[in-house]
Structures are given as structure tokens and as C-alpha cells.
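J.: Contents of structure03.pdb (PDB, C-alpha atoms):
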ATOM      1  CA  MET A  17      18.625  24.804 -12.965
ATOM      2  CA  THR A  18      15.676  23.238 -14.773
ATOM      3  CA  TYR A  19      14.463  19.793 -13.794
ATOM      4  CA  ASN A  20      15.753  18.183 -17.018
ATOM      5  CA  ILE A  21      19.231  19.639 -16.516
ATOM      6  CA  PHE A  22      19.117  18.578 -12.858
ATOM      7  CA  LYS A  23      18.238  15.022 -13.881
ATOM      8  CA  GLU A  24      20.907  14.774 -16.579
ATOM      9  CA  THR A  25      23.576  16.203 -14.281
ATOM     10  CA  ILE A  26      22.690  13.674 -11.573
ATOM     11  CA  LEU A  27      22.958  10.823 -14.081
ATOM     12  CA  HIS A  28      26.368  11.998 -15.354
ATOM     13  CA  ARG A  29      27.706  12.307 -11.807
ATOM     14  CA  LEU A  30      26.445   8.859 -10.874
ATOM     15  CA  ASP A  31      27.993   7.349 -13.994
ATOM     16  CA  ASP A  32      31.355   8.787 -12.954
ATOM     17  CA  ASP A  33      31.116   7.908  -9.251
ATOM     18  CA  ILE A  34      29.628   4.404  -9.247
ATOM     19  CA  PRO A  35      32.088   1.724 -10.378
ATOM     20  CA  ASN A  36      31.374  -0.758 -13.151
ATOM     21  CA  PRO A  37      29.662  -3.108 -13.703
ATOM     22  CA  LYS A  38      26.521  -1.099 -13.160
ATOM     23  CA  LYS A  39      23.194  -0.191 -14.712
ATOM     24  CA  ILE A  40      21.586   3.192 -14.066
ATOM     25  CA  THR A  41      18.093   3.909 -15.364
ATOM     26  CA  VAL A  42      15.294   6.429 -14.878
ATOM     27  CA  GLU A  43      11.770   5.227 -15.555
ATOM     28  CA  SER A  44       8.400   6.906 -15.218
ATOM     29  CA  VAL A  45       6.607   5.295 -12.278
ATOM     30  CA  CYS A  46       2.876   5.920 -11.957
ATOM     31  CA  ARG A  47       1.949   5.358  -8.346
ATOM     32  CA  ASN A  48      -1.336   5.434  -6.499
ATOM     33  CA  ASN A  49      -3.792   8.275  -7.242
ATOM     34  CA  GLY A  50      -2.213   9.242 -10.555
ATOM     35  CA  ASP A  51       1.103  10.373  -9.094
ATOM     36  CA  CYS A  52       3.731   9.798 -11.856
ATOM     37  CA  LEU A  53       7.367  10.305 -10.892
ATOM     38  CA  ASP A  54      10.848   9.683 -12.285
ATOM     39  CA  GLY A  55      12.239   6.644 -10.506
ATOM     40  CA  LEU A  56      16.025   6.346 -10.414
ATOM     41  CA  VAL A  57      17.276   2.750 -10.100
ATOM     42  CA  ILE A  58      20.947   1.840  -9.677
ATOM     43  CA  LEU A  59      22.050  -1.783 -10.043
ATOM     44  CA  GLU A  60      25.629  -2.893  -9.400
ATOM     45  CA  ASN A  61      27.538  -6.115 -10.016
ATOM     46  CA  GLY A  62      24.735  -7.889 -11.839
ATOM     47  CA  VAL A  63      22.209  -7.526  -8.998
ATOM     48  CA  ASN A  64      18.663  -7.389 -10.411
ATOM     49  CA  ILE A  65      16.898  -5.432  -7.667
ATOM     50  CA  GLY A  66      17.531  -2.094  -6.013
ATOM     51  CA  PRO A  67      15.807   0.828  -4.293
ATOM     52  CA  THR A  68      13.801   3.301  -6.380
ATOM     53  CA  LEU A  69      14.774   6.913  -5.668
ATOM     54  CA  TYR A  70      12.292   9.511  -6.898
ATOM     55  CA  LEU A  71      14.221  12.386  -8.470
ATOM     56  CA  ASN A  72      11.203  14.697  -8.310
ATOM     57  CA  TYR A  73      11.476  14.852  -4.515
ATOM     58  CA  TYR A  74      15.194  15.611  -4.606
ATOM     59  CA  TYR A  75      14.600  18.354  -7.136
ATOM     60  CA  LYS A  76      11.917  19.859  -4.906
ATOM     61  CA  SER A  77      14.426  19.897  -2.048
ATOM     62  CA  TYR A  78      16.986  21.544  -4.328
ATOM     63  CA  ARG A  79      14.460  24.211  -5.385
ATOM     64  CA  LYS A  80      13.750  24.941  -1.726
ATOM     65  CA  GLY A  81      17.365  25.845  -1.091
ATOM     66  CA  THR A  82      19.368  22.659  -0.583
ATOM     67  CA  SER A  83      22.613  22.957  -2.541
ATOM     68  CA  PHE A  84      23.068  20.722  -5.562
ATOM     69  CA  GLN A  85      26.097  19.054  -3.953
ATOM     70  CA  LYS A  86      24.163  18.297  -0.776
ATOM     71  CA  THR A  87      21.221  16.972  -2.817
ATOM     72  CA  TYR A  88      23.531  14.697  -4.778
ATOM     73  CA  GLU A  89      25.136  13.437  -1.576
ATOM     74  CA  GLN A  90      21.674  12.642  -0.186
ATOM     75  CA  ILE A  91      20.905  10.535  -3.257
ATOM     76  CA  LEU A  92      24.117   8.569  -2.768
ATOM     77  CA  GLU A  93      23.470   8.176   0.957
ATOM     78  CA  HIS A  94      19.931   6.904   0.424
ATOM     79  CA  TYR A  95      21.105   4.505  -2.260
ATOM     80  CA  GLU A  96      23.918   3.111  -0.109
ATOM     81  CA  ALA A  97      21.589   2.730   2.885
ATOM     82  CA  ASN A  98      19.002   0.762   0.921
ATOM     83  CA  LYS A  99      20.884  -1.177  -1.744
ATOM     84  CA  THR A 100      21.336  -4.927  -1.653
ATOM     85  CA  THR A 101      24.122  -7.180  -2.842
ATOM     86  CA  LYS A 102      21.759 -10.092  -3.537
ATOM     87  CA  SER A 103      19.653 -10.778  -6.598
ATOM     88  CA  VAL A 104      16.104 -12.074  -6.402
ATOM     89  CA  ASP A 105      14.987 -15.074  -8.425
ATOM     90  CA  VAL A 106      11.795 -13.919 -10.164
ATOM     91  CA  SER A 107      11.606 -16.828 -12.597
ATOM     92  CA  PHE A 108       8.553 -18.070 -10.666
ATOM     93  CA  PHE A 109       6.592 -15.102 -12.042
ATOM     94  CA  THR A 110       6.431 -16.726 -15.481
ATOM     95  CA  ASP A 111       4.516 -19.684 -14.038
ATOM     96  CA  PHE A 112       1.022 -18.990 -12.682
ATOM     97  CA  ASP A 113       1.004 -22.232 -10.693
ATOM     98  CA  ARG A 114       3.957 -20.859  -8.717
ATOM     99  CA  THR A 115       2.820 -17.246  -8.679
ATOM    100  CA  GLY A 116      -0.774 -17.871  -7.585
ATOM    101  CA  SER A 117       0.118 -18.564  -3.950
ATOM    102  CA  ARG A 118       1.726 -15.098  -3.690
ATOM    103  CA  ILE A 119      -1.131 -13.012  -5.078
ATOM    104  CA  ALA A 120      -2.778 -10.609  -2.610
ATOM    105  CA  PRO A 121      -5.431  -7.864  -2.879
ATOM    106  CA  LYS A 122      -4.962  -4.127  -2.531
ATOM    107  CA  LEU A 123      -7.532  -1.320  -2.248
ATOM    108  CA  ILE A 124      -7.175   1.948  -4.161
ATOM    109  CA  HIS A 125      -9.553   4.787  -5.026
ATOM    110  CA  PHE A 126     -11.471   4.131  -8.244
ATOM    111  CA  GLU A 127     -11.824   7.620  -9.740
ATOM    112  CA  LYS A 128      -8.346   8.834  -8.799
ATOM    113  CA  ASN A 129      -6.840   5.798 -10.527
ATOM    114  CA  ARG A 130      -9.125   5.521 -13.548
ATOM    115  CA  LYS A 131      -6.201   5.711 -16.003
ATOM    116  CA  LEU A 132      -4.195   3.050 -14.171
ATOM    117  CA  LEU A 133      -7.217   0.769 -13.961
ATOM    118  CA  GLN A 134      -7.372   0.607 -17.752
ATOM    119  CA  ASP A 135      -4.154  -1.424 -17.643
ATOM    120  CA  ILE A 136      -4.714  -3.655 -14.617
ATOM    121  CA  PRO A 137      -7.320  -6.237 -13.597
ATOM    122  CA  HIS A 138      -9.666  -4.844 -10.945
ATOM    123  CA  ILE A 139     -13.016  -5.260  -9.224
ATOM    124  CA  PRO A 140     -15.159  -2.253  -8.130
ATOM    125  CA  PHE A 141     -15.777  -2.072  -4.364
ATOM    126  CA  LEU A 142     -17.738   0.877  -2.914
ATOM    127  CA  ASP A 143     -15.931   3.930  -4.348
ATOM    128  CA  LEU A 144     -12.734   1.880  -4.450
ATOM    129  CA  ALA A 145     -11.170  -0.757  -6.674
ATOM    130  CA  ILE A 146      -9.710  -4.094  -5.646
ATOM    131  CA  VAL A 147      -6.444  -4.622  -7.523
ATOM    132  CA  PHE A 148      -3.852  -7.370  -7.195
ATOM    133  CA  TYR A 149      -0.143  -7.725  -6.627
ATOM    134  CA  CYS A 150       2.429 -10.432  -6.177
ATOM    135  CA  TYR A 151       3.984 -10.362  -2.711
ATOM    136  CA  ILE A 152       7.668 -11.316  -2.524
ATOM    137  CA  PRO A 153       9.076 -11.773   1.009
ATOM    138  CA  MET A 154      12.755 -10.910   1.189
ATOM    139  CA  GLU A 155      15.564 -10.624   3.698
ATOM    140  CA  PRO A 156      14.763  -8.301   6.666
ATOM    141  CA  GLU A 157      17.510  -5.871   5.733
ATOM    142  CA  ILE A 158      16.053  -5.514   2.224
ATOM    143  CA  GLY A 159      12.356  -5.321   2.968
ATOM    144  CA  ASN A 160       9.598  -6.920   0.920
ATOM    145  CA  ALA A 161       8.897  -6.451  -2.777
ATOM    146  CA  THR A 162       5.632  -6.312  -4.701
ATOM    147  CA  ILE A 163       4.740  -6.589  -8.371
ATOM    148  CA  LEU A 164       1.478  -5.004  -9.492
ATOM    149  CA  ILE A 165      -0.415  -7.468 -11.677
ATOM    150  CA  ARG A 166      -1.332  -6.072 -15.085
ATOM    151  CA  ASN A 167      -3.580  -7.234 -17.902
ATOM    152  CA  SER A 168      -0.485  -8.290 -19.845
ATOM    153  CA  HIS A 169       0.429 -10.693 -17.037
ATOM    154  CA  LEU A 170      -3.004 -12.326 -17.219
ATOM    155  CA  GLU A 171      -2.649 -12.724 -20.967
ATOM    156  CA  PHE A 172       0.762 -14.340 -20.549
ATOM    157  CA  TRP A 173      -0.579 -16.696 -17.856
ATOM    158  CA  GLU A 174      -3.749 -17.356 -19.883
ATOM    159  CA  GLN A 175      -5.822 -16.491 -16.829
ATOM    160  CA  THR A 176      -8.915 -14.340 -16.281
ATOM    161  CA  GLU A 177      -9.638 -11.501 -13.889
ATOM    162  CA  ASP A 178     -12.302 -13.621 -12.178
ATOM    163  CA  ALA A 179      -9.670 -16.123 -11.075
ATOM    164  CA  LEU A 180      -7.658 -13.563  -9.108
ATOM    165  CA  TYR A 181     -10.065 -12.391  -6.408
ATOM    166  CA  PRO A 182     -10.898 -15.721  -4.693
ATOM    167  CA  LEU A 183      -7.235 -16.658  -4.898
ATOM    168  CA  ALA A 184      -6.105 -13.336  -3.398
ATOM    169  CA  ARG A 185      -8.654 -13.539  -0.559
ATOM    170  CA  LYS A 186      -7.500 -17.049   0.253
ATOM    171  CA  ASN A 187      -3.854 -15.962   0.345
ATOM    172  CA  ALA A 188      -4.251 -12.648   2.154
ATOM    173  CA  ALA A 189      -4.476 -13.735   5.792
ATOM    174  CA  ARG A 190      -1.710 -16.307   5.300
ATOM    175  CA  LEU A 191       0.731 -13.938   3.607
ATOM    176  CA  LEU A 192      -0.125 -10.823   5.620
ATOM    177  CA  PRO A 193      -1.972 -11.662   8.850
ATOM    178  CA  PRO A 194      -4.135  -8.833  10.201
ATOM    179  CA  LYS A 195      -3.086  -6.716  13.163
ATOM    180  CA  LEU A 196      -5.373  -4.634  15.387
ATOM    181  CA  HIS A 197      -4.288  -2.138  17.990
ATOM    182  CA  ASN A 198      -5.836   0.534  20.145
ATOM    183  CA  MET A 199      -5.090   4.137  19.219
ATOM    184  CA  ASN A 200      -3.893   4.819  22.766
ATOM    185  CA  SER A 201      -2.048   1.630  23.675
ATOM    186  CA  LEU A 202      -0.680  -1.075  21.415
ATOM    187  CA  ILE A 203      -2.260  -4.479  21.986
ATOM    188  CA  GLU A 204      -1.242  -7.849  20.680
ATOM    189  CA  GLU A 205      -1.581  -8.901  17.061
ATOM    190  CA  MET A 206      -4.842 -10.638  16.512
ATOM    191  CA  MET A 207      -7.554 -11.981  14.291
ATOM    192  CA  PRO A 208     -10.805 -13.525  15.466
ATOM    193  CA  GLU A 209     -11.990 -17.089  14.984
ATOM    194  CA  GLN A 210     -10.003 -20.209  15.737
ATOM    195  CA  SER A 211      -7.583 -19.659  12.868
ATOM    196  CA  TYR A 212      -6.453 -16.338  14.347
ATOM    197  CA  PRO A 213      -4.825 -15.281  17.636
ATOM    198  CA  THR A 214      -7.284 -14.340  20.388
ATOM    199  CA  VAL A 215      -8.705 -10.844  20.247
ATOM    200  CA  MET A 216      -7.979  -8.795  23.356
ATOM    201  CA  ILE A 217     -10.304  -5.861  23.944
ATOM    202  CA  PRO A 218      -9.211  -3.017  26.266
ATOM    203  CA  ASP A 219     -11.524  -2.206  29.176
ATOM    204  CA  ASP A 220     -14.018   0.547  28.403
ATOM    205  CA  PRO A 221     -11.845   3.089  26.557
ATOM    206  CA  LEU A 222     -13.419   6.545  26.688
ATOM    207  CA  TYR A 223     -13.381   6.947  22.907
ATOM    208  CA  PRO A 224     -12.439   3.572  21.417
ATOM    209  CA  MET A 225     -10.629   3.749  18.097
ATOM    210  CA  TYR A 226      -8.819   0.738  16.676
ATOM    211  CA  VAL A 227      -6.271   0.669  13.872
ATOM    212  CA  LEU A 228      -6.541  -2.342  11.584
ATOM    213  CA  THR A 229      -3.667  -3.200   9.256
ATOM    214  CA  ASN A 230      -1.557  -6.272   8.510
ATOM    215  CA  SER A 231       1.664  -7.707   9.857
ATOM    216  CA  GLN A 232       3.819  -5.726   7.413
ATOM    217  CA  ASN A 233       1.780  -2.482   7.467
ATOM    218  CA  LEU A 234       1.638  -2.948   3.710
ATOM    219  CA  PHE A 235      -1.617  -2.117   1.874
ATOM    220  CA  GLY A 236      -3.347  -2.976   5.153
ATOM    221  CA  ALA A 237      -6.682  -1.381   4.200
ATOM    222  CA  SER A 238      -7.255  -4.594   2.260
ATOM    223  CA  CYS A 239      -8.023  -6.242   5.615
ATOM    224  CA  LEU A 240     -11.580  -5.122   4.852
ATOM    225  CA  LEU A 241     -11.620  -7.971   2.316
ATOM    226  CA  TYR A 242     -10.340 -10.747   4.583
ATOM    227  CA  ASP A 243     -12.821 -13.597   4.985
ATOM    228  CA  ASP A 244     -15.217 -12.821   7.895
ATOM    229  CA  LEU A 245     -12.668 -10.584   9.651
ATOM    230  CA  ILE A 246     -14.813  -7.449  10.052
ATOM    231  CA  HIS A 247     -17.896  -9.525  10.868
ATOM    232  CA  SER A 248     -16.013 -11.491  13.542
ATOM    233  CA  LEU A 249     -14.552  -8.355  15.099
ATOM    234  CA  ALA A 250     -17.998  -6.738  15.194
ATOM    235  CA  ASP A 251     -19.382  -9.823  16.949
ATOM    236  CA  ARG A 252     -16.640  -9.692  19.549
ATOM    237  CA  PHE A 253     -17.173  -5.978  20.123
ATOM    238  CA  GLN A 254     -20.960  -6.491  19.998
ATOM    239  CA  SER A 255     -21.266  -3.418  17.808
ATOM    240  CA  ASP A 256     -21.482  -2.136  14.264
ATOM    241  CA  PHE A 257     -18.442  -0.165  13.091
ATOM    242  CA  TYR A 258     -17.668   3.178  11.570
ATOM    243  CA  ILE A 259     -14.742   2.633   9.210
ATOM    244  CA  LEU A 260     -12.320   5.490   8.593
ATOM    245  CA  PRO A 261      -9.895   4.950   5.671
ATOM    246  CA  SER A 262      -6.725   6.264   7.270
ATOM    247  CA  SER A 263      -4.613   5.373   4.207
ATOM    248  CA  ILE A 264      -4.049   2.544   1.743
ATOM    249  CA  HIS A 265      -2.047   0.906   4.542
ATOM    250  CA  GLU A 266      -4.547   0.973   7.407
ATOM    251  CA  ILE A 267      -8.110   1.707   8.468
ATOM    252  CA  ILE A 268      -9.616   2.901  11.746
ATOM    253  CA  LEU A 269     -12.562   1.078  13.328
ATOM    254  CA  ILE A 270     -14.853   2.938  15.736
ATOM    255  CA  PRO A 271     -17.680   1.071  17.468
ATOM    256  CA  ALA A 272     -21.009   2.543  16.373
ATOM    257  CA  SER A 273     -22.127   2.892  19.977
ATOM    258  CA  CYS A 274     -20.135   6.125  19.987
ATOM    259  CA  ASP A 275     -22.339   9.211  19.919
ATOM    260  CA  SER A 276     -21.411  10.381  16.446
ATOM    261  CA  ARG A 277     -22.541  10.254  12.808
ATOM    262  CA  LEU A 278     -21.005   9.125   9.557
ATOM    263  CA  ASN A 279     -20.810  12.634   8.089
ATOM    264  CA  GLU A 280     -18.777  13.794  11.088
ATOM    265  CA  PHE A 281     -16.250  11.032  10.556
ATOM    266  CA  SER A 282     -16.151  11.803   6.832
ATOM    267  CA  ASP A 283     -15.235  15.403   7.673
ATOM    268  CA  MET A 284     -12.468  14.048   9.896
ATOM    269  CA  VAL A 285     -11.142  11.819   7.097
ATOM    270  CA  ARG A 286     -11.044  14.699   4.608
ATOM    271  CA  GLU A 287      -9.233  16.983   7.033
ATOM    272  CA  VAL A 288      -6.614  14.349   7.843
ATOM    273  CA  ASN A 289      -6.101  13.558   4.136
ATOM    274  CA  GLU A 290      -5.561  17.234   3.359
ATOM    275  CA  THR A 291      -3.064  17.817   6.153
ATOM    276  CA  GLN A 292      -1.437  14.546   7.218
ATOM    277  CA  VAL A 293      -1.491  11.919   4.466
ATOM    278  CA  ALA A 294       0.762  11.829   1.404
ATOM    279  CA  ASP A 295      -1.244  12.088  -1.828
ATOM    280  CA  GLU A 296      -0.142   8.675  -3.040
ATOM    281  CA  GLU A 297      -1.315   7.028   0.216
ATOM    282  CA  ILE A 298      -4.851   8.463   0.342
ATOM    283  CA  LEU A 299      -7.527   5.803   0.050
ATOM    284  CA  SER A 300     -10.824   7.701   0.208
ATOM    285  CA  ASP A 301     -12.227  11.033   1.405
ATOM    286  CA  HIS A 302     -15.125   9.701   3.432
ATOM    287  CA  ALA A 303     -15.992   7.121   6.059
ATOM    288  CA  TYR A 304     -18.028   3.910   5.755
ATOM    289  CA  TYR A 305     -20.391   1.982   7.985
ATOM    290  CA  TYR A 306     -20.418  -1.742   8.707
ATOM    291  CA  SER A 307     -23.716  -3.327   9.752
ATOM    292  CA  ARG A 308     -23.551  -6.618  11.663
ATOM    293  CA  GLU A 309     -27.141  -7.440  10.807
ATOM    294  CA  ARG A 310     -26.623  -7.003   7.060
ATOM    295  CA  ASP A 311     -22.945  -8.044   7.135
ATOM    296  CA  ARG A 312     -22.281  -5.228   4.717
ATOM    297  CA  ILE A 313     -20.142  -2.098   4.365
ATOM    298  CA  THR A 314     -22.071   0.936   3.091
ATOM    299  CA  PHE A 315     -21.891   4.722   2.730
ATOM    300  CA  THR A 316     -24.746   5.270   5.214
ATOM    301  CA  ASP A 317     -25.329   4.454   8.880
TER     302      ASP A 317
END
Would you write out, as C-alpha cells, the structure that this file holds?

T.:
Amino acid sequence: MTYNIFKETILHRLDDDIPNPKKITVESVCRNNGDCLDGLVILENGVNIGPTLYLNYYYKSYRKGTSFQKTYEQILEHYEANKTTKSVDVSFFTDFDRTGSRIAPKLIHFEKNRKLLQDIPHIPFLDLAIVFYCYIPMEPEIGNATILIRNSHLEFWEQTEDALYPLARKNAARLLPPKLHNMNSLIEEMMPEQSYPTVMIPDDPLYPMYVLTNSQNLFGASCLLYDDLIHSLADRFQSDFYILPSSIHEIILIPASCDSRLNEFSDMVREVNETQVADEEILSDHAYYYSRERDRITFTD
């Protein structure tokens, strides 16, 4: 069965099996790093939000030997497990005064997203790009929603790209507080300075590696952009940092007192990206270095 026939058959079956009133659509969704997929969205009873199910993945499972019936049942199961019966009021999004307090930054790779960047406001950062999204907290059973901010949104709001970055940096720690934990043992959520919980540093770990993300583990690599966060952590650790981009959701900090070099960590990052990280979650293929003296992140140590 070809992919197009697979898709059409799924849609016909869903139309028969899901009661009215309903709305079933398939839209092309271009995700991080140029990954464009067919997103299936099912909305029932006038609800305006629902899970996105990527048909490409189900088709891949079908091609690997899962029966069509079983594949179809998995789609229904995943939909039922993740659907909501509540709508979300997104009328605030038409008003920048109401939307501005929800805007947060996100880091993505510049070259791998060059096409996407043509359509969205962004700021170059190292080999990355700072982009922006609207963060929408929701009920725990639903999860949180995000809306990627596009050039068309800025035009509608009559705003400029320059207005987004200071606003997003101001909002970031409030909306998504940072979280640091040891690779070997989880330690309490923290951020330095008086506005953050107290940093707790484990006693002399043999090979200290710390994972930095945010409270929701959502686009947590953007913690690199939080006001004074990396600088304050480096002061508390009394060390520069090697920074390993684990994914778009988290980074790894390694005190520079470790007997290693940046190129070795870059090799580690590439190997992990090739074997452990989903393509759409890769941030970069090499490590960075943070200097306390210069208060700067660079490609060299």
C-alpha cells in the first residue's frame, strides 16, 4: 500500500468511526531541522484543540510489518489517550498587549532551519538562531501548548523583531524557571542569585556533568539566554564551562577544570546526535565554551 492510499484509507475509516460533530484534517507540519510531516488532527464536539498525530510514523510502522488494522487501532488509542474535551480561549493572541507576557525564546540550528527562518522572526546566535513562541499553560492532563511566532503575526500586531528578544528574555525565567541536576543524582531545582532557589552543588563528583533545562523540559536549551544564569552558575562553581547541546530541550554543563578539550566534547555531541537524538530535537553538532572572564560563549576554549 502506498503512503497516499494509506493516508486516504485512514481518513475514511476515521470518518466512519468517530461520531459527529467532528473535524478531521491533515496538514503539513514543518518541524525543527526541516522535518516536514503530515499531522493528523481530530476535533470533536466543537473543541478547538487536539493532539497532532504524525501519519508518517504510523506508515513507517506499517511498512515494517505492523498490520494495517493494528496500525489503525494504535492511531485511535493514541488519539483517545491524548484528546481533551475542553477548548482553549486563544482570543488573547490577537492582542499583543495580552500576548507579550507569554512570549519566550527558543534555540534552533541556523543552517538546518534556513527555510523556516525565512518565515519567522529570529536573531543569529553562534551557529544557532533565537526564535520565539507563545507559551500557553494548560491543564496537567492536557499538557502545555506553544504557538511559533511568525512574521505574519508581527505584521498583524504592528510590532518589530527587535521588540521580541528583550521581552522574551524577561519572560523566560518567570514562565519556565531553570532546573539543574547532576547526571548521576537528581538535585533540587535551582537558579542562582536571590531571585532563584539556592544552588546545591554535589561534593566532588569524579566527572561532574550537569543537565540544565527548564521546569517543563520544554525547549530548555534556551536557558543559555536567561539573564546572568550561566555567569552566576560559573561563579558558584568557580569554573568556566564546556557546554554540550544535548538537544533543543536541554544542555550539559561540564566544569572546565576537567582534563579534556572542546574538540573531544564536540566528537561526543556528534556521536550522541547520530545514535541517540531524534533528528527534530538536535540542536548542534559541536560543543561550546563559556568564559567567566569574558562572560561569553564561544566555539573555542

J.: Considering only C-alpha atoms, return as a compact mmCIF listing (two decimals) with C-alpha atoms, in the coordinates of the input whatever protein or nucleic-acid residues lie within 12 Å of Arg277 in chain A, sequence-local ones (same chain, fewer than 2 positions apart) excluded.

T.:
# COMPACT_ATOMS: atom_id res chain seq x y z
CA PHE A 257 -18.44 -0.16 13.09
CA TYR A 258 -17.67 3.18 11.57
CA ILE A 259 -14.74 2.63 9.21
CA ILE A 270 -14.85 2.94 15.74
CA PRO A 271 -17.68 1.07 17.47
CA ALA A 272 -21.01 2.54 16.37
CA SER A 273 -22.13 2.89 19.98
CA CYS A 274 -20.14 6.12 19.99
CA ASP A 275 -22.34 9.21 19.92
CA ASN A 279 -20.81 12.63 8.09
CA GLU A 280 -18.78 13.79 11.09
CA PHE A 281 -16.25 11.03 10.56
CA SER A 282 -16.15 11.80 6.83
CA ASP A 283 -15.24 15.40 7.67
CA MET A 284 -12.47 14.05 9.90
CA HIS A 302 -15.12 9.70 3.43
CA ALA A 303 -15.99 7.12 6.06
CA TYR A 304 -18.03 3.91 5.76
CA TYR A 305 -20.39 1.98 7.98
CA PHE A 315 -21.89 4.72 2.73
CA THR A 316 -24.75 5.27 5.21
CA ASP A 317 -25.33 4.45 8.88

J.: One number please: CA of Phe22 in chain A to CA of Thr101 in chain A, in Å, one decimal.

T.: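 A separation of 28.1 Å between them.
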
J.: Go through A:Leu69, A:Ala237, A:Leu183, A:Leu30 one by one, measure the shortest atom-to-atom distance of each to Phe112 in chain A using only C-alpha atoms, and give the residue with the smallest value.

T.: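 Looking at the shortest contact to Phe112 in chain A, the residue is A:Leu183.
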
J.: Assuming the chain letters and numbering stay as they are in my file, what does the PyMOL selection byres ((chain A and resi 71) around 7) actually select? List them as a ChimeraX atom specification.

T.: /A:54-56,69-70,72-75

J.: Care to translate the PyMOL selection byres ((chain A and resi 245-255) around 6) into actual residues of this file, as a short mmCIF file (atom, residue, chain, number, x, y, z; two decimals) with C-alpha atoms, in the frame of the given file?

T.:
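Here's the written file out-v2.cif:
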data_model
loop_
_atom_site.label_atom_id
_atom_site.label_comp_id
_atom_site.auth_asym_id
_atom_site.auth_seq_id
_atom_site.Cartn_x
_atom_site.Cartn_y
_atom_site.Cartn_z
CA PRO A 208 -10.80 -13.52 15.47
CA TYR A 242 -10.34 -10.75 4.58
CA ASP A 243 -12.82 -13.60 4.99
CA ASP A 244 -15.22 -12.82 7.90
CA ASP A 256 -21.48 -2.14 14.26
CA PRO A 271 -17.68 1.07 17.47
#

J.: Name all residues at most 10 Å from Gly62 in chain A (count only C-alpha atoms; drop same-chain ones fewer than 3 positions away) and give them as a VMD selection string.

T.: chain A and resid 36 to 39 59 65 101 to 103

J.: So, counting only C-alpha atoms, which residue among A:Cys46, A:Leu164, A:Tyr181, A:Tyr95 is closest to Glu296 in chain A?

T.: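 Among the listed residues, the smallest separation from Glu296 in chain A belongs to A:Cys46.
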
J.: When distances are computed from only C-alpha atoms, which of A:Asp143, A:Asp111, A:Asp31, A:Glu89 shows the smallest separation from Ile124 in chain A?

T.: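 Smallest distance to Ile124 in chain A is found for A:Asp143.
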